[in-house]
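> One file: data26.txt (compact mmCIF, N, CA and C atoms).
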# COMPACT_ATOMS: atom_id res chain seq x y z
N MET A 764 116.21 125.38 89.33
CA MET A 764 115.86 124.13 88.69
C MET A 764 116.69 122.99 89.29
N PHE A 765 117.98 123.26 89.52
CA PHE A 765 118.85 122.24 90.09
C PHE A 765 118.40 121.86 91.50
N LEU A 766 118.04 122.86 92.32
CA LEU A 766 117.60 122.57 93.69
C LEU A 766 116.29 121.77 93.70
N GLY A 767 115.38 122.11 92.79
CA GLY A 767 114.14 121.35 92.69
C GLY A 767 114.39 119.90 92.30
N PHE A 768 115.27 119.71 91.33
CA PHE A 768 115.61 118.36 90.89
C PHE A 768 116.29 117.58 92.02
N ALA A 769 117.23 118.22 92.71
CA ALA A 769 117.94 117.57 93.81
C ALA A 769 116.97 117.23 94.95
N GLY A 770 116.05 118.15 95.25
CA GLY A 770 115.05 117.87 96.28
C GLY A 770 114.15 116.71 95.91
N GLY A 771 113.77 116.65 94.64
CA GLY A 771 112.93 115.54 94.17
C GLY A 771 113.65 114.21 94.28
N ILE A 772 114.93 114.21 93.92
CA ILE A 772 115.72 112.98 94.04
C ILE A 772 115.80 112.55 95.50
N ALA A 773 116.01 113.51 96.40
CA ALA A 773 116.12 113.19 97.83
C ALA A 773 114.82 112.62 98.38
N VAL A 774 113.71 113.26 98.04
CA VAL A 774 112.41 112.78 98.53
C VAL A 774 112.08 111.42 97.93
N GLY A 775 112.32 111.26 96.63
CA GLY A 775 112.07 109.97 95.98
C GLY A 775 112.90 108.85 96.59
N ALA A 776 114.17 109.15 96.87
CA ALA A 776 115.02 108.14 97.50
C ALA A 776 114.51 107.78 98.89
N GLY A 777 114.01 108.78 99.61
CA GLY A 777 113.45 108.51 100.94
C GLY A 777 112.21 107.64 100.88
N VAL A 778 111.34 107.90 99.92
CA VAL A 778 110.12 107.11 99.77
C VAL A 778 110.46 105.67 99.40
N ILE A 779 111.38 105.50 98.46
CA ILE A 779 111.77 104.15 98.05
C ILE A 779 112.45 103.43 99.22
N ALA A 780 113.26 104.15 99.99
CA ALA A 780 113.89 103.53 101.16
C ALA A 780 112.83 103.09 102.17
N LEU A 781 111.78 103.90 102.34
CA LEU A 781 110.70 103.52 103.25
C LEU A 781 110.01 102.25 102.75
N PHE A 782 109.74 102.17 101.45
CA PHE A 782 109.10 100.97 100.91
C PHE A 782 110.00 99.75 101.08
N ILE A 783 111.30 99.94 100.95
CA ILE A 783 112.23 98.83 101.12
C ILE A 783 112.26 98.37 102.57
N VAL A 784 112.30 99.33 103.50
CA VAL A 784 112.34 98.99 104.92
C VAL A 784 111.07 98.25 105.33
N LEU A 785 109.94 98.66 104.78
CA LEU A 785 108.67 98.03 105.12
C LEU A 785 108.44 96.72 104.38
N ASP A 786 109.32 96.36 103.43
CA ASP A 786 109.20 95.12 102.65
C ASP A 786 107.84 95.02 101.97
N MET A 787 107.38 96.11 101.39
CA MET A 787 106.06 96.12 100.78
C MET A 787 105.98 95.22 99.54
N ILE A 788 106.95 95.32 98.65
CA ILE A 788 106.89 94.56 97.41
C ILE A 788 107.08 93.06 97.66
N PRO A 789 108.08 92.64 98.43
CA PRO A 789 108.18 91.20 98.70
C PRO A 789 106.96 90.64 99.44
N ARG A 790 106.39 91.43 100.33
CA ARG A 790 105.20 90.98 101.06
C ARG A 790 104.01 90.84 100.11
N LEU A 791 103.86 91.80 99.19
CA LEU A 791 102.80 91.72 98.19
C LEU A 791 102.97 90.49 97.32
N ALA A 792 104.20 90.23 96.91
CA ALA A 792 104.46 89.04 96.09
C ALA A 792 104.18 87.76 96.88
N GLN A 793 104.49 87.78 98.17
CA GLN A 793 104.25 86.60 99.00
C GLN A 793 102.75 86.35 99.17
N ILE A 794 102.00 87.41 99.43
CA ILE A 794 100.56 87.26 99.65
C ILE A 794 99.87 86.77 98.38
N THR A 795 100.26 87.33 97.22
CA THR A 795 99.60 86.98 95.96
C THR A 795 100.23 85.78 95.27
N ARG A 796 101.32 85.27 95.83
CA ARG A 796 102.05 84.12 95.27
C ARG A 796 102.47 84.37 93.82
N THR A 797 103.00 85.56 93.58
CA THR A 797 103.46 85.94 92.24
C THR A 797 104.89 86.45 92.34
N PHE A 798 105.79 85.61 92.81
CA PHE A 798 107.18 86.02 92.98
C PHE A 798 107.85 86.36 91.65
N ASP A 799 107.36 85.78 90.57
CA ASP A 799 107.95 86.04 89.25
C ASP A 799 107.54 87.41 88.70
N LYS A 800 106.62 88.10 89.36
CA LYS A 800 106.14 89.40 88.89
C LYS A 800 106.68 90.56 89.73
N VAL A 801 107.72 90.33 90.52
CA VAL A 801 108.25 91.37 91.40
C VAL A 801 108.70 92.59 90.60
N HIS A 802 109.30 92.37 89.44
CA HIS A 802 109.75 93.49 88.62
C HIS A 802 108.57 94.33 88.12
N TRP A 803 107.44 93.69 87.89
CA TRP A 803 106.25 94.43 87.48
C TRP A 803 105.75 95.30 88.64
N TYR A 804 105.78 94.75 89.85
CA TYR A 804 105.37 95.54 91.02
C TYR A 804 106.27 96.75 91.21
N GLU A 805 107.57 96.53 91.07
CA GLU A 805 108.51 97.64 91.23
C GLU A 805 108.29 98.70 90.15
N GLY A 806 108.10 98.26 88.91
CA GLY A 806 107.84 99.20 87.82
C GLY A 806 106.54 99.97 88.02
N ALA A 807 105.52 99.28 88.51
CA ALA A 807 104.24 99.95 88.76
C ALA A 807 104.38 100.98 89.87
N MET A 808 105.14 100.67 90.90
CA MET A 808 105.32 101.61 92.00
C MET A 808 106.09 102.85 91.54
N VAL A 809 107.16 102.65 90.80
CA VAL A 809 107.95 103.78 90.32
C VAL A 809 107.15 104.59 89.31
N SER A 810 106.47 103.92 88.38
CA SER A 810 105.67 104.62 87.37
C SER A 810 104.51 105.39 88.02
N GLY A 811 103.85 104.78 88.96
CA GLY A 811 102.76 105.46 89.66
C GLY A 811 103.24 106.67 90.42
N SER A 812 104.39 106.56 91.07
CA SER A 812 104.96 107.71 91.78
C SER A 812 105.31 108.83 90.80
N PHE A 813 105.90 108.46 89.68
CA PHE A 813 106.29 109.47 88.69
C PHE A 813 105.07 110.16 88.09
N ILE A 814 104.08 109.38 87.67
CA ILE A 814 102.88 109.96 87.06
C ILE A 814 102.11 110.79 88.09
N GLY A 815 102.04 110.30 89.33
CA GLY A 815 101.37 111.08 90.37
C GLY A 815 102.07 112.40 90.65
N THR A 816 103.39 112.40 90.62
CA THR A 816 104.14 113.64 90.82
C THR A 816 103.90 114.62 89.68
N ILE A 817 103.93 114.12 88.45
CA ILE A 817 103.68 114.97 87.30
C ILE A 817 102.25 115.53 87.34
N ALA A 818 101.29 114.68 87.67
CA ALA A 818 99.90 115.12 87.74
C ALA A 818 99.71 116.19 88.82
N ASP A 819 100.38 116.02 89.95
CA ASP A 819 100.28 117.01 91.02
C ASP A 819 100.99 118.30 90.63
N PHE A 820 102.14 118.18 89.99
CA PHE A 820 102.92 119.35 89.62
C PHE A 820 102.19 120.21 88.60
N TRP A 821 101.53 119.59 87.63
CA TRP A 821 100.83 120.33 86.58
C TRP A 821 99.32 120.45 86.83
N ASN A 822 98.87 120.06 88.02
CA ASN A 822 97.45 120.18 88.40
C ASN A 822 96.51 119.53 87.39
N TRP A 823 96.81 118.31 87.00
CA TRP A 823 95.94 117.58 86.09
C TRP A 823 94.61 117.32 86.78
N LYS A 824 93.56 117.44 86.02
CA LYS A 824 92.22 117.16 86.52
C LYS A 824 91.56 116.17 85.57
N ILE A 825 90.82 115.24 86.13
CA ILE A 825 90.08 114.27 85.33
C ILE A 825 88.60 114.51 85.57
N ALA A 826 87.88 114.84 84.51
CA ALA A 826 86.45 115.09 84.64
C ALA A 826 85.72 113.76 84.74
N GLY A 827 84.79 113.71 85.63
CA GLY A 827 84.02 112.49 85.79
C GLY A 827 82.97 112.69 86.86
N PRO A 828 82.12 111.71 87.03
CA PRO A 828 81.08 111.83 88.06
C PRO A 828 81.69 111.80 89.46
N GLY A 829 80.94 112.32 90.41
CA GLY A 829 81.40 112.37 91.79
C GLY A 829 81.70 111.00 92.36
N LEU A 830 81.01 109.99 91.90
CA LEU A 830 81.24 108.63 92.38
C LEU A 830 82.66 108.17 92.02
N PHE A 831 83.11 108.54 90.82
CA PHE A 831 84.47 108.18 90.39
C PHE A 831 85.51 108.81 91.32
N SER A 832 85.32 110.07 91.67
CA SER A 832 86.23 110.74 92.58
C SER A 832 86.21 110.07 93.95
N GLY A 833 85.04 109.66 94.37
CA GLY A 833 84.93 108.99 95.66
C GLY A 833 85.67 107.66 95.68
N VAL A 834 85.59 106.91 94.60
CA VAL A 834 86.28 105.62 94.51
C VAL A 834 87.80 105.83 94.50
N VAL A 835 88.26 106.81 93.71
CA VAL A 835 89.69 107.11 93.68
C VAL A 835 90.16 107.57 95.05
N GLY A 836 89.39 108.43 95.70
CA GLY A 836 89.74 108.88 97.05
C GLY A 836 89.76 107.74 98.04
N LEU A 837 88.84 106.82 97.90
CA LEU A 837 88.81 105.65 98.78
C LEU A 837 90.07 104.81 98.62
N PHE A 838 90.46 104.55 97.37
CA PHE A 838 91.68 103.78 97.12
C PHE A 838 92.92 104.50 97.64
N ASN A 839 92.98 105.83 97.44
CA ASN A 839 94.10 106.59 97.97
C ASN A 839 94.14 106.52 99.49
N GLY A 840 92.99 106.64 100.10
CA GLY A 840 92.93 106.56 101.56
C GLY A 840 93.33 105.19 102.08
N ILE A 841 92.91 104.15 101.39
CA ILE A 841 93.29 102.79 101.79
C ILE A 841 94.80 102.62 101.69
N PHE A 842 95.40 103.11 100.59
CA PHE A 842 96.85 102.98 100.42
C PHE A 842 97.59 103.74 101.51
N ILE A 843 97.22 104.98 101.75
CA ILE A 843 97.90 105.79 102.76
C ILE A 843 97.70 105.18 104.15
N GLY A 844 96.50 104.72 104.42
CA GLY A 844 96.24 104.09 105.72
C GLY A 844 97.06 102.83 105.93
N MET A 845 97.16 102.01 104.89
CA MET A 845 97.95 100.78 105.02
C MET A 845 99.44 101.10 105.14
N LEU A 846 99.90 102.13 104.44
CA LEU A 846 101.29 102.54 104.55
C LEU A 846 101.58 103.05 105.96
N ALA A 847 100.69 103.87 106.49
CA ALA A 847 100.87 104.38 107.85
C ALA A 847 100.81 103.24 108.87
N ALA A 848 99.90 102.30 108.67
CA ALA A 848 99.80 101.16 109.58
C ALA A 848 101.05 100.30 109.53
N ALA A 849 101.59 100.09 108.34
CA ALA A 849 102.81 99.29 108.22
C ALA A 849 103.98 100.00 108.90
N LEU A 850 104.08 101.30 108.71
CA LEU A 850 105.15 102.05 109.36
C LEU A 850 104.98 102.03 110.87
N THR A 851 103.76 102.19 111.34
CA THR A 851 103.50 102.14 112.77
C THR A 851 103.85 100.77 113.34
N GLU A 852 103.51 99.72 112.61
CA GLU A 852 103.81 98.36 113.07
C GLU A 852 105.31 98.12 113.16
N VAL A 853 106.03 98.60 112.15
CA VAL A 853 107.48 98.39 112.15
C VAL A 853 108.14 99.14 113.29
N LEU A 854 107.70 100.35 113.54
CA LEU A 854 108.34 101.18 114.56
C LEU A 854 107.77 100.98 115.96
N ASN A 855 106.71 100.21 116.09
CA ASN A 855 106.07 99.98 117.39
C ASN A 855 105.68 101.29 118.06
N VAL A 856 105.13 102.22 117.28
CA VAL A 856 104.82 103.54 117.78
C VAL A 856 103.73 103.52 118.84
N LEU A 857 102.64 102.83 118.57
CA LEU A 857 101.51 102.87 119.50
C LEU A 857 101.84 102.34 120.90
N PRO A 858 102.48 101.19 121.03
CA PRO A 858 102.80 100.75 122.39
C PRO A 858 103.76 101.70 123.11
N ILE A 859 104.68 102.30 122.39
CA ILE A 859 105.61 103.24 123.02
C ILE A 859 104.87 104.49 123.49
N ILE A 860 103.97 105.02 122.65
CA ILE A 860 103.19 106.19 123.04
C ILE A 860 102.32 105.86 124.24
N ALA A 861 101.65 104.74 124.20
CA ALA A 861 100.77 104.35 125.30
C ALA A 861 101.56 104.18 126.61
N LYS A 862 102.74 103.61 126.51
CA LYS A 862 103.55 103.41 127.71
C LYS A 862 104.04 104.74 128.27
N ARG A 863 104.50 105.62 127.41
CA ARG A 863 105.02 106.91 127.87
C ARG A 863 103.93 107.80 128.43
N LEU A 864 102.73 107.70 127.91
CA LEU A 864 101.62 108.51 128.39
C LEU A 864 100.82 107.80 129.49
N HIS A 865 101.30 106.62 129.91
CA HIS A 865 100.63 105.80 130.93
C HIS A 865 99.18 105.52 130.52
N MET A 866 99.00 105.08 129.28
CA MET A 866 97.67 104.83 128.74
C MET A 866 97.54 103.41 128.19
N GLN A 867 98.22 102.44 128.79
CA GLN A 867 98.15 101.08 128.27
C GLN A 867 96.72 100.56 128.25
N ARG A 868 95.94 100.94 129.25
CA ARG A 868 94.56 100.46 129.30
C ARG A 868 93.70 101.09 128.22
N TYR A 869 94.14 102.23 127.69
CA TYR A 869 93.34 102.98 126.71
C TYR A 869 93.93 102.88 125.31
N LEU A 870 94.70 101.85 125.04
CA LEU A 870 95.37 101.72 123.75
C LEU A 870 94.36 101.65 122.59
N PHE A 871 93.27 100.92 122.78
CA PHE A 871 92.25 100.83 121.73
C PHE A 871 91.63 102.19 121.47
N GLY A 872 91.32 102.92 122.53
CA GLY A 872 90.76 104.27 122.37
C GLY A 872 91.74 105.22 121.71
N LEU A 873 93.02 105.08 122.02
CA LEU A 873 94.05 105.90 121.39
C LEU A 873 94.10 105.61 119.89
N LEU A 874 94.03 104.34 119.54
CA LEU A 874 94.02 103.96 118.13
C LEU A 874 92.79 104.52 117.42
N LEU A 875 91.63 104.42 118.04
CA LEU A 875 90.41 104.96 117.42
C LEU A 875 90.48 106.48 117.29
N ALA A 876 91.06 107.15 118.28
CA ALA A 876 91.21 108.61 118.19
C ALA A 876 92.10 108.99 117.02
N MET A 877 93.16 108.23 116.80
CA MET A 877 94.04 108.51 115.67
C MET A 877 93.32 108.28 114.35
N VAL A 878 92.57 107.19 114.26
CA VAL A 878 91.85 106.87 113.02
C VAL A 878 90.79 107.93 112.74
N PHE A 879 89.98 108.28 113.75
CA PHE A 879 88.92 109.27 113.52
C PHE A 879 89.51 110.65 113.26
N GLY A 880 90.63 110.97 113.86
CA GLY A 880 91.30 112.24 113.57
C GLY A 880 91.77 112.32 112.13
N LYS A 881 92.32 111.22 111.63
CA LYS A 881 92.76 111.17 110.23
C LYS A 881 91.56 111.29 109.29
N VAL A 882 90.50 110.59 109.60
CA VAL A 882 89.30 110.66 108.76
C VAL A 882 88.72 112.07 108.78
N ALA A 883 88.62 112.68 109.97
CA ALA A 883 88.07 114.03 110.07
C ALA A 883 88.94 115.04 109.32
N GLY A 884 90.25 114.92 109.45
CA GLY A 884 91.16 115.81 108.72
C GLY A 884 91.04 115.66 107.22
N SER A 885 90.92 114.42 106.75
CA SER A 885 90.77 114.18 105.32
C SER A 885 89.45 114.75 104.80
N LEU A 886 88.37 114.51 105.53
CA LEU A 886 87.07 115.04 105.12
C LEU A 886 87.07 116.56 105.12
N PHE A 887 87.73 117.18 106.11
CA PHE A 887 87.83 118.63 106.15
C PHE A 887 88.55 119.16 104.91
N GLU A 888 89.67 118.51 104.56
CA GLU A 888 90.41 118.98 103.38
C GLU A 888 89.61 118.78 102.11
N TRP A 889 88.94 117.63 101.96
CA TRP A 889 88.22 117.34 100.73
C TRP A 889 87.02 118.26 100.53
N PHE A 890 86.25 118.49 101.61
CA PHE A 890 84.96 119.16 101.45
C PHE A 890 84.97 120.64 101.83
N ILE A 891 85.87 121.08 102.69
CA ILE A 891 85.84 122.46 103.16
C ILE A 891 87.04 123.25 102.67
N TYR A 892 88.23 122.76 102.93
CA TYR A 892 89.44 123.50 102.60
C TYR A 892 89.72 123.54 101.11
N ASN A 893 89.50 122.43 100.43
CA ASN A 893 89.83 122.32 99.01
C ASN A 893 88.67 121.71 98.23
N PRO A 894 87.52 122.40 98.15
CA PRO A 894 86.35 121.77 97.51
C PRO A 894 86.50 121.62 96.02
Could you render the structure as structure tokens?

Amino acid sequence: MFLGFAGGIAVGAGVIALFIVLDMIPRLAQITRTFDKVHWYEGAMVSGSFIGTIADFWNWKIAGPGLFSGVVGLFNGIFIGMLAAALTEVLNVLPIIAKRLHMQRYLFGLLLAMVFGKVAGSLFEWFIYNP
């Protein structure tokens, strides 16, 4: 129990550190012009992470039509995609990969291959591996 709790604290601290490095909350407040609501954003992020962890840990299921699942999956995919894009932008991963692989001319194709690979992997997990 102690190791599980310690591991959860470590992973949670890493996720929060990633959000801090990416400046997600201040950027969201800047875009929406709601600087006075920053504490609400932080609370929503922590609460959502906590509830999502509990739901995953206890395998919560919500019954509903397939369209509802599709909308939730779409929002999850958008969030994960934007998080990955922000991390990639901060670390300058794509230009470094393209330069090391001598693929500067094919950078757009490399980006599309990564996007389609992520989409194909997600669809495989949703429909085949974990129906």
> Which parts of chain A does DSSP call alpha helix (DSSP H) when run on the backbone here, written out as a ChimeraX atom specification?
/A:765-784,787-795,801-820,829-854,856-863,870-887
> How many Å separate CA of Leu785 in chain A from CA of Met845 in chain A?
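We find that CA of Leu785 in chain A and CA of Met845 in chain A lie 11.1 Å from each other.
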> For CA of Asp786 in chain A and atom C of Ala807 in chain A, determine how far apart the two atoms are, in Å to one decimal place.
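Between these atoms lies a distance of 14.9 Å.
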> Name the closest residue to Gly833 in chain A among the candidates A:Leu857, A:Leu850, A:Ile814, A:Leu886; distances are taken between atoms, counting only C-alpha atoms.
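The closest residue to Gly833 in chain A is A:Leu886.
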